[in-house]
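K.L.:
Input structure: upload-v2.tsv, which contains TSV, C-alpha atoms.
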```
chain	number	residue	atom	x	y	z
A	1	MET	CA	-18.16	-62.52	126.74
A	2	ILE	CA	-14.76	-63.13	128.32
A	3	LEU	CA	-15.16	-60.17	130.68
A	4	ARG	CA	-18.60	-61.35	131.80
A	5	ARG	CA	-17.29	-64.84	132.43
A	6	PHE	CA	-14.27	-63.45	134.27
A	7	ILE	CA	-16.52	-61.36	136.58
A	8	LYS	CA	-18.73	-64.39	137.20
A	9	HIS	CA	-15.72	-66.56	138.15
A	10	VAL	CA	-14.39	-63.85	140.49
A	11	ALA	CA	-17.78	-63.51	142.14
A	12	GLU	CA	-17.91	-67.29	142.61
A	13	GLN	CA	-14.28	-67.19	143.85
A	14	ASN	CA	-13.44	-69.87	141.30
A	15	TRP	CA	-9.77	-68.94	141.22
A	16	PHE	CA	-8.78	-71.78	138.93
A	17	ALA	CA	-11.24	-70.55	136.31
A	18	VAL	CA	-10.07	-66.98	136.90
A	19	GLY	CA	-6.51	-68.09	136.24
A	20	LEU	CA	-7.57	-69.81	133.02
A	21	ASP	CA	-9.41	-66.66	131.91
A	22	VAL	CA	-6.30	-64.57	132.52
A	23	ILE	CA	-4.15	-67.03	130.57
A	24	VAL	CA	-6.63	-66.99	127.68
A	25	VAL	CA	-6.63	-63.18	127.60
A	26	ILE	CA	-2.82	-62.90	127.76
A	27	THR	CA	-2.41	-65.59	125.10
A	28	GLY	CA	-4.87	-63.78	122.84
A	29	ILE	CA	-3.05	-60.48	123.26
A	30	PHE	CA	0.31	-62.15	122.61
A	31	LEU	CA	-0.93	-63.92	119.47
A	32	GLY	CA	-2.55	-60.72	118.25
A	33	MET	CA	0.74	-58.85	118.69
A	34	GLN	CA	2.64	-61.61	116.91
A	35	VAL	CA	0.25	-61.57	113.96
A	36	SER	CA	0.42	-57.78	113.81
A	37	GLU	CA	4.22	-57.87	113.91
A	38	TRP	CA	4.33	-60.58	111.24
A	39	ASN	CA	2.03	-58.54	109.00
A	40	GLU	CA	4.21	-55.46	109.54
A	41	ARG	CA	7.38	-57.37	108.64
A	42	ARG	CA	5.69	-58.79	105.56
A	43	LYS	CA	4.59	-55.31	104.50
A	44	ASP	CA	8.12	-53.99	105.06
A	45	ARG	CA	9.56	-56.77	102.87
A	46	LEU	CA	7.12	-55.99	100.07
A	47	ASP	CA	7.74	-52.25	100.41
A	48	SER	CA	11.48	-52.87	100.43
A	49	GLN	CA	11.35	-54.76	97.11
A	50	ASP	CA	9.15	-52.04	95.62
A	51	PHE	CA	11.50	-49.24	96.73
A	52	ILE	CA	14.57	-51.12	95.50
A	53	SER	CA	12.96	-51.58	92.08
A	54	ARG	CA	11.97	-47.91	91.92
A	55	ILE	CA	15.39	-46.67	93.06
A	56	HIS	CA	17.02	-48.96	90.50
A	57	ASN	CA	14.94	-47.44	87.69
A	58	GLU	CA	15.68	-43.92	88.92
A	59	ILE	CA	19.42	-44.43	89.10
A	60	LEU	CA	19.39	-45.98	85.62
A	61	SER	CA	17.62	-42.86	84.39
A	62	VAL	CA	20.21	-40.58	86.03
A	63	GLU	CA	23.03	-42.67	84.57
A	64	GLN	CA	21.57	-42.59	81.06
A	65	THR	CA	20.68	-38.89	80.99
A	66	SER	CA	24.08	-37.86	82.36
A	67	SER	CA	26.34	-40.37	80.60
A	68	ARG	CA	27.34	-38.38	77.51
A	69	VAL	CA	28.06	-35.08	79.28
A	70	ARG	CA	29.56	-36.88	82.27
A	71	GLU	CA	32.07	-38.61	79.99
A	72	ARG	CA	32.99	-35.28	78.43
A	73	ARG	CA	33.52	-33.64	81.80
A	74	LEU	CA	35.61	-36.50	83.17
A	75	ASN	CA	37.76	-36.74	80.04
A	76	LEU	CA	38.42	-32.99	79.78
A	77	ILE	CA	40.93	-32.85	82.62
A	78	THR	CA	43.65	-34.66	80.61
A	79	PRO	CA	43.76	-32.38	77.52
A	80	LEU	CA	43.26	-29.35	79.80
A	81	THR	CA	46.33	-30.31	81.81
A	82	GLU	CA	48.31	-30.97	78.63
A	83	ALA	CA	47.28	-27.59	77.24
A	84	ALA	CA	48.52	-25.86	80.39
A	85	ILE	CA	51.89	-27.61	80.15
A	86	ILE	CA	52.27	-26.40	76.57
A	87	ILE	CA	51.18	-22.83	77.31
A	88	PHE	CA	53.42	-22.47	80.36
A	89	ASP	CA	56.42	-24.19	78.76
A	90	LYS	CA	59.32	-21.74	79.11
A	91	ASN	CA	61.02	-23.30	76.10
A	92	LYS	CA	57.88	-22.55	74.11
A	93	SER	CA	57.85	-25.99	72.58
A	94	GLY	CA	54.78	-27.96	71.57
A	95	VAL	CA	51.58	-26.92	69.83
A	96	LEU	CA	47.96	-26.83	70.87
A	97	THR	CA	45.77	-29.38	69.16
A	98	ASN	CA	42.07	-28.89	68.49
A	99	GLU	CA	41.39	-31.02	71.55
A	100	HIS	CA	43.61	-28.80	73.71
A	101	CYS	CA	41.90	-25.68	72.41
A	102	LEU	CA	38.47	-27.16	73.08
A	103	ALA	CA	39.51	-28.04	76.62
A	104	LEU	CA	40.65	-24.47	77.30
A	105	ALA	CA	37.49	-23.01	75.79
A	106	THR	CA	35.20	-25.23	77.87
A	107	SER	CA	37.17	-25.24	81.12
A	108	HIS	CA	34.34	-23.28	82.74
A	109	TYR	CA	31.74	-25.96	81.88
A	110	PHE	CA	30.55	-27.86	84.94
A	111	ASN	CA	26.85	-28.38	84.28
A	112	ILE	CA	25.68	-31.98	84.19
A	113	ALA	CA	22.30	-33.67	84.62
A	114	VAL	CA	22.22	-34.50	88.31
A	115	SER	CA	19.07	-35.19	90.29
A	116	ASP	CA	17.93	-36.78	93.51
A	117	LEU	CA	16.40	-40.25	93.61
A	118	PRO	CA	12.76	-39.48	94.53
A	119	SER	CA	12.09	-42.93	95.99
A	120	LEU	CA	15.18	-42.76	98.19
A	121	THR	CA	14.17	-39.26	99.32
A	122	GLU	CA	10.70	-40.59	100.17
A	123	LEU	CA	12.21	-43.48	102.11
A	124	THR	CA	14.60	-41.32	104.13
A	125	SER	CA	11.98	-38.61	104.79
A	126	ALA	CA	9.67	-41.26	106.24
A	127	GLY	CA	12.48	-42.67	108.37
A	128	ARG	CA	12.06	-46.10	106.79
A	129	VAL	CA	15.51	-46.74	105.33
A	130	SER	CA	15.83	-49.63	107.78
A	131	ILE	CA	13.30	-51.68	105.78
A	132	LEU	CA	16.14	-52.28	103.30
A	133	GLU	CA	17.56	-55.48	104.76
A	134	ASP	CA	20.99	-55.21	103.10
A	135	SER	CA	23.01	-52.94	105.41
A	136	GLN	CA	25.71	-52.42	102.76
A	137	LEU	CA	23.09	-51.27	100.26
A	138	ARG	CA	21.58	-48.91	102.84
A	139	THR	CA	24.98	-47.39	103.52
A	140	ALA	CA	25.77	-47.11	99.79
A	141	LEU	CA	22.49	-45.31	99.08
A	142	ILE	CA	23.03	-42.84	101.91
A	143	GLU	CA	26.57	-42.20	100.68
A	144	PHE	CA	25.21	-41.66	97.16
A	145	GLN	CA	22.97	-38.88	98.44
A	146	GLN	CA	25.90	-37.33	100.29
A	147	LYS	CA	28.13	-37.44	97.21
A	148	LEU	CA	25.32	-35.96	95.13
A	149	GLU	CA	24.96	-33.02	97.52
A	150	THR	CA	28.74	-32.53	97.47
A	151	LEU	CA	28.71	-32.50	93.66
A	152	LYS	CA	25.87	-29.96	93.54
A	153	GLU	CA	27.75	-27.68	95.91
A	154	ASN	CA	30.96	-28.20	93.95
A	155	ILE	CA	29.25	-27.27	90.67
A	156	GLN	CA	27.84	-24.10	92.20
A	157	ASN	CA	31.19	-23.03	93.64
A	158	SER	CA	33.03	-23.85	90.42
A	159	PHE	CA	30.60	-21.79	88.32
A	160	THR	CA	31.20	-18.85	90.63
A	161	LEU	CA	34.99	-19.05	90.49
A	162	ALA	CA	35.84	-20.15	86.94
A	163	HIS	CA	36.61	-17.84	84.00
A	164	ASN	CA	34.85	-17.96	80.65
A	165	LEU	CA	38.02	-17.72	78.60
A	166	PRO	CA	36.52	-17.33	75.08
A	167	ILE	CA	34.30	-14.43	76.25
A	168	LYS	CA	37.02	-12.69	78.27
A	169	HIS	CA	39.73	-13.24	75.62
A	170	PRO	CA	38.03	-13.39	72.20
A	171	ASP	CA	41.32	-12.49	70.54
A	172	LEU	CA	43.00	-15.60	72.01
A	173	ILE	CA	40.21	-18.16	71.69
A	174	MET	CA	37.94	-17.73	68.68
A	175	SER	CA	34.71	-19.65	68.23
A	176	GLU	CA	32.51	-20.57	65.27
A	177	PRO	CA	29.36	-22.71	65.31
A	178	TYR	CA	28.84	-25.84	63.23
A	179	TYR	CA	26.35	-28.68	63.08
A	180	ASP	CA	27.73	-32.01	64.29
A	181	GLN	CA	26.10	-34.71	62.16
A	182	ALA	CA	27.19	-37.54	64.45
A	183	LEU	CA	25.74	-35.95	67.58
A	184	GLY	CA	22.81	-34.36	65.82
A	185	GLU	CA	23.34	-31.00	67.52
A	186	MET	CA	25.05	-27.64	67.16
A	187	GLN	CA	28.60	-27.45	68.45
A	188	ALA	CA	31.34	-24.83	68.63
A	189	ARG	CA	34.71	-25.08	66.90
A	190	TYR	CA	37.56	-23.18	68.57
A	191	THR	CA	40.84	-21.70	67.33
A	192	CYS	CA	43.61	-20.80	69.77
A	193	GLU	CA	46.42	-18.25	69.38
A	194	LEU	CA	49.21	-19.92	71.34
A	195	GLU	CA	51.91	-17.24	71.14
A	196	GLU	CA	49.53	-14.48	72.19
A	197	MET	CA	48.34	-16.65	75.07
A	198	ARG	CA	51.89	-17.04	76.34
A	199	SER	CA	52.41	-13.27	76.42
A	200	ASN	CA	49.12	-12.41	78.15
A	201	GLN	CA	49.63	-12.64	81.90
A	202	GLN	CA	45.96	-12.16	82.76
A	203	PHE	CA	45.06	-15.06	80.50
A	204	LEU	CA	47.80	-17.20	82.05
A	205	ASN	CA	46.51	-16.42	85.52
A	206	GLU	CA	42.96	-17.31	84.56
A	207	VAL	CA	44.01	-20.54	82.85
A	208	SER	CA	45.90	-21.52	85.99
A	209	GLU	CA	42.84	-20.84	88.13
A	210	ASN	CA	40.51	-22.71	85.77
A	211	ILE	CA	42.68	-25.81	85.82
A	212	ASP	CA	42.83	-25.80	89.60
A	213	ILE	CA	39.05	-25.33	89.84
A	214	TYR	CA	38.35	-28.00	87.23
A	215	ASP	CA	40.66	-30.48	88.92
A	216	MET	CA	38.83	-29.88	92.21
A	217	TYR	CA	35.48	-30.31	90.45
A	218	VAL	CA	36.48	-33.67	88.99
A	219	ARG	CA	38.48	-34.99	91.95
A	220	ASP	CA	36.16	-33.96	94.78
A	221	GLY	CA	32.76	-33.87	93.07
A	222	LEU	CA	32.15	-35.49	89.71
A	223	SER	CA	34.44	-38.51	89.88
A	224	PRO	CA	33.35	-39.75	93.35
A	225	TRP	CA	29.67	-39.29	92.44
A	226	SER	CA	30.09	-41.06	89.10
A	227	SER	CA	32.03	-43.99	90.57
A	228	HIS	CA	29.61	-44.40	93.45
A	229	MET	CA	26.63	-44.34	91.10
A	230	SER	CA	28.12	-47.30	89.22
A	231	LEU	CA	28.69	-49.13	92.52
A	232	VAL	CA	25.10	-48.57	93.68
A	233	GLN	CA	23.77	-49.69	90.32
A	234	ARG	CA	25.71	-52.97	90.55
A	235	MET	CA	24.48	-53.53	94.10
A	236	LEU	CA	20.88	-52.89	93.07
A	237	ASP	CA	21.26	-55.23	90.09
A	238	LYS	CA	22.48	-57.97	92.42
A	239	THR	CA	19.74	-57.36	94.99
A	240	LEU	CA	17.01	-57.44	92.36
A	241	GLY	CA	18.53	-60.59	90.87
A	242	ASP	CA	18.51	-62.27	94.30
A	243	HIS	CA	14.86	-61.31	94.82
A	244	ARG	CA	13.83	-62.68	91.45
A	245	SER	CA	15.52	-65.99	92.19
A	246	ASP	CA	13.70	-66.41	95.53
```
For the structure just supplied, provide its representation as structure tokens.
P.N.:
Amino acid sequence: MILRRFIKHVAEQNWFAVGLDVIVVITGIFLGMQVSEWNERRKDRLDSQDFISRIHNEILSVEQTSSRVRERRLNLITPLTEAAIIIFDKNKSGVLTNEHCLALATSHYFNIAVSDLPSLTELTSAGRVSILEDSQLRTALIEFQQKLETLKENIQNSFTLAHNLPIKHPDLIMSEPYYDQALGEMQARYTCELEEMRSNQQFLNEVSENIDIYDMYVRDGLSPWSSHMSLVQRMLDKTLGDHRSD
């Protein structure tokens, strides 16, 4: 209809009408683009809220499934360090407690429930991270993925390098199984022979290496990932709270 009228006006050399036709067409195109852009922004806002909610649920799941083991891994570095001080004490003072012995026996444990956030992976793979309006949240989520990859790599390297002390030195660290009623699972109880440890140079070397590896695991992998997960969770809580109050 518009094209037919436009051709008619050109043929009649009615330039005023031609000008009006052009203005009508341009205005229509402009309004159509504006509506399309508005609809796209609205869709992005809705998608953003949906992704934030999904990521929040996923990070809560990671936090919950990893919390118990994560606490064990983070807390092990202190008794492990104390055990090393006692073992390497030239004055041969001090005794190893059950906690110290457990730390030595499990100093090659690095496994922990870590997983990607599927919704964040979907968002980044599609190149749509920018739909998250909060730039600080976007940066925090990207950093979380980076810290997660660093932790995974750290766990793999640590497994490769660390020594399983109870298996390699069964005469120095002895194990017996028992059922832990509080945890509802089987556990291992360890007994350590301190004097024999002090006189076994291979054991001393391996303890020294394990402590160094474990410290690196906690300092460069587990602790940054754990702390950043808590930060992201707080940011997501706040963002979801703001959305609900809108």
K.L.:
Kindly extract all protein, DNA and RNA residues lying within 12 Å of the coordinates (10.5, -53.1, 92.6) given in the file, considering all atoms listed in the file, and supply them as an mmCIF file with C-alpha atoms, in the frame of the given file.
P.N.:
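part_34.cif was written with the following content:
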```cif
data_model
loop_
_atom_site.group_PDB
_atom_site.id
_atom_site.type_symbol
_atom_site.label_atom_id
_atom_site.label_comp_id
_atom_site.auth_asym_id
_atom_site.auth_seq_id
_atom_site.Cartn_x
_atom_site.Cartn_y
_atom_site.Cartn_z
ATOM 1 C CA ARG A 45 9.560 -56.770 102.870
ATOM 2 C CA LEU A 46 7.120 -55.990 100.070
ATOM 3 C CA ASP A 47 7.740 -52.250 100.410
ATOM 4 C CA SER A 48 11.480 -52.870 100.430
ATOM 5 C CA GLN A 49 11.350 -54.760 97.110
ATOM 6 C CA ASP A 50 9.150 -52.040 95.620
ATOM 7 C CA PHE A 51 11.500 -49.240 96.730
ATOM 8 C CA ILE A 52 14.570 -51.120 95.500
ATOM 9 C CA SER A 53 12.960 -51.580 92.080
ATOM 10 C CA ARG A 54 11.970 -47.910 91.920
ATOM 11 C CA ILE A 55 15.390 -46.670 93.060
ATOM 12 C CA HIS A 56 17.020 -48.960 90.500
ATOM 13 C CA ASN A 57 14.940 -47.440 87.690
ATOM 14 C CA GLU A 58 15.680 -43.920 88.920
ATOM 15 C CA SER A 119 12.090 -42.930 95.990
ATOM 16 C CA LEU A 236 20.880 -52.890 93.070
ATOM 17 C CA ASP A 237 21.260 -55.230 90.090
ATOM 18 C CA THR A 239 19.740 -57.360 94.990
ATOM 19 C CA LEU A 240 17.010 -57.440 92.360
ATOM 20 C CA GLY A 241 18.530 -60.590 90.870
ATOM 21 C CA HIS A 243 14.860 -61.310 94.820
ATOM 22 C CA ARG A 244 13.830 -62.680 91.450
#
```
K.L.:
CA of Pro224 (chain A) to CA of Leu117 (chain A): how many Å, to one decimal?
P.N.:
17.0 Å
K.L.:
Restricting the calculation to all atoms listed in the file: of A:Met235, A:Arg68, A:Pro177, A:Ile86, which residue gets closest to Arg189 (chain A)?
P.N.:
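Under the stated criterion, the closest residue is A:Pro177.
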K.L.:
Provide the CA of Ala162 (chain A) to CA of Ser208 (chain A) distance in Å, to one decimal place.
P.N.:
10.2 Å
K.L.:
Any idea what's packed within 12 Å of Glu149 (chain A), counting only C-alpha atoms, ignoring anything in its chain fewer than 4 positions away? Could you give it as a CSV table (one decimal) with C-alpha atoms, in the coordinates of the input?
P.N.:
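New file around_10.csv:
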```csv
chain,number,residue,atom,x,y,z
A,114,VAL,CA,22.2,-34.5,88.3
A,115,SER,CA,19.1,-35.2,90.3
A,116,ASP,CA,17.9,-36.8,93.5
A,117,LEU,CA,16.4,-40.2,93.6
A,142,ILE,CA,23.0,-42.8,101.9
A,143,GLU,CA,26.6,-42.2,100.7
A,144,PHE,CA,25.2,-41.7,97.2
A,145,GLN,CA,23.0,-38.9,98.4
A,153,GLU,CA,27.8,-27.7,95.9
A,154,ASN,CA,31.0,-28.2,94.0
A,155,ILE,CA,29.2,-27.3,90.7
A,156,GLN,CA,27.8,-24.1,92.2
A,220,ASP,CA,36.2,-34.0,94.8
A,221,GLY,CA,32.8,-33.9,93.1
A,222,LEU,CA,32.2,-35.5,89.7
A,224,PRO,CA,33.4,-39.8,93.4
A,225,TRP,CA,29.7,-39.3,92.4
```
K.L.:
So the first atom is CA of Ser175 (chain A) and the second is CA of His100 (chain A); what is the distance between them in Å, to one decimal place?
P.N.:
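Separation of CA of Ser175 (chain A) and CA of His100 (chain A): 13.9 Å.
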K.L.:
Which residues, written as a PyMOL selection string, have at least one atom at most 10 Å from Asn200 (chain A), with all atoms listed in the file counted and residues fewer than 5 positions away on the same chain left out?
P.N.:
chain A and resi 169+172+195+205
K.L.:
Name the closest residue to Asn98 (chain A) among the candidates A:Leu141, A:Leu194, A:Met229, A:Ile211; distances are taken between atoms, counting all atoms listed in the file.
P.N.:
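Using all atoms listed in the file, the shortest distance to Asn98 (chain A) belongs to A:Leu194.
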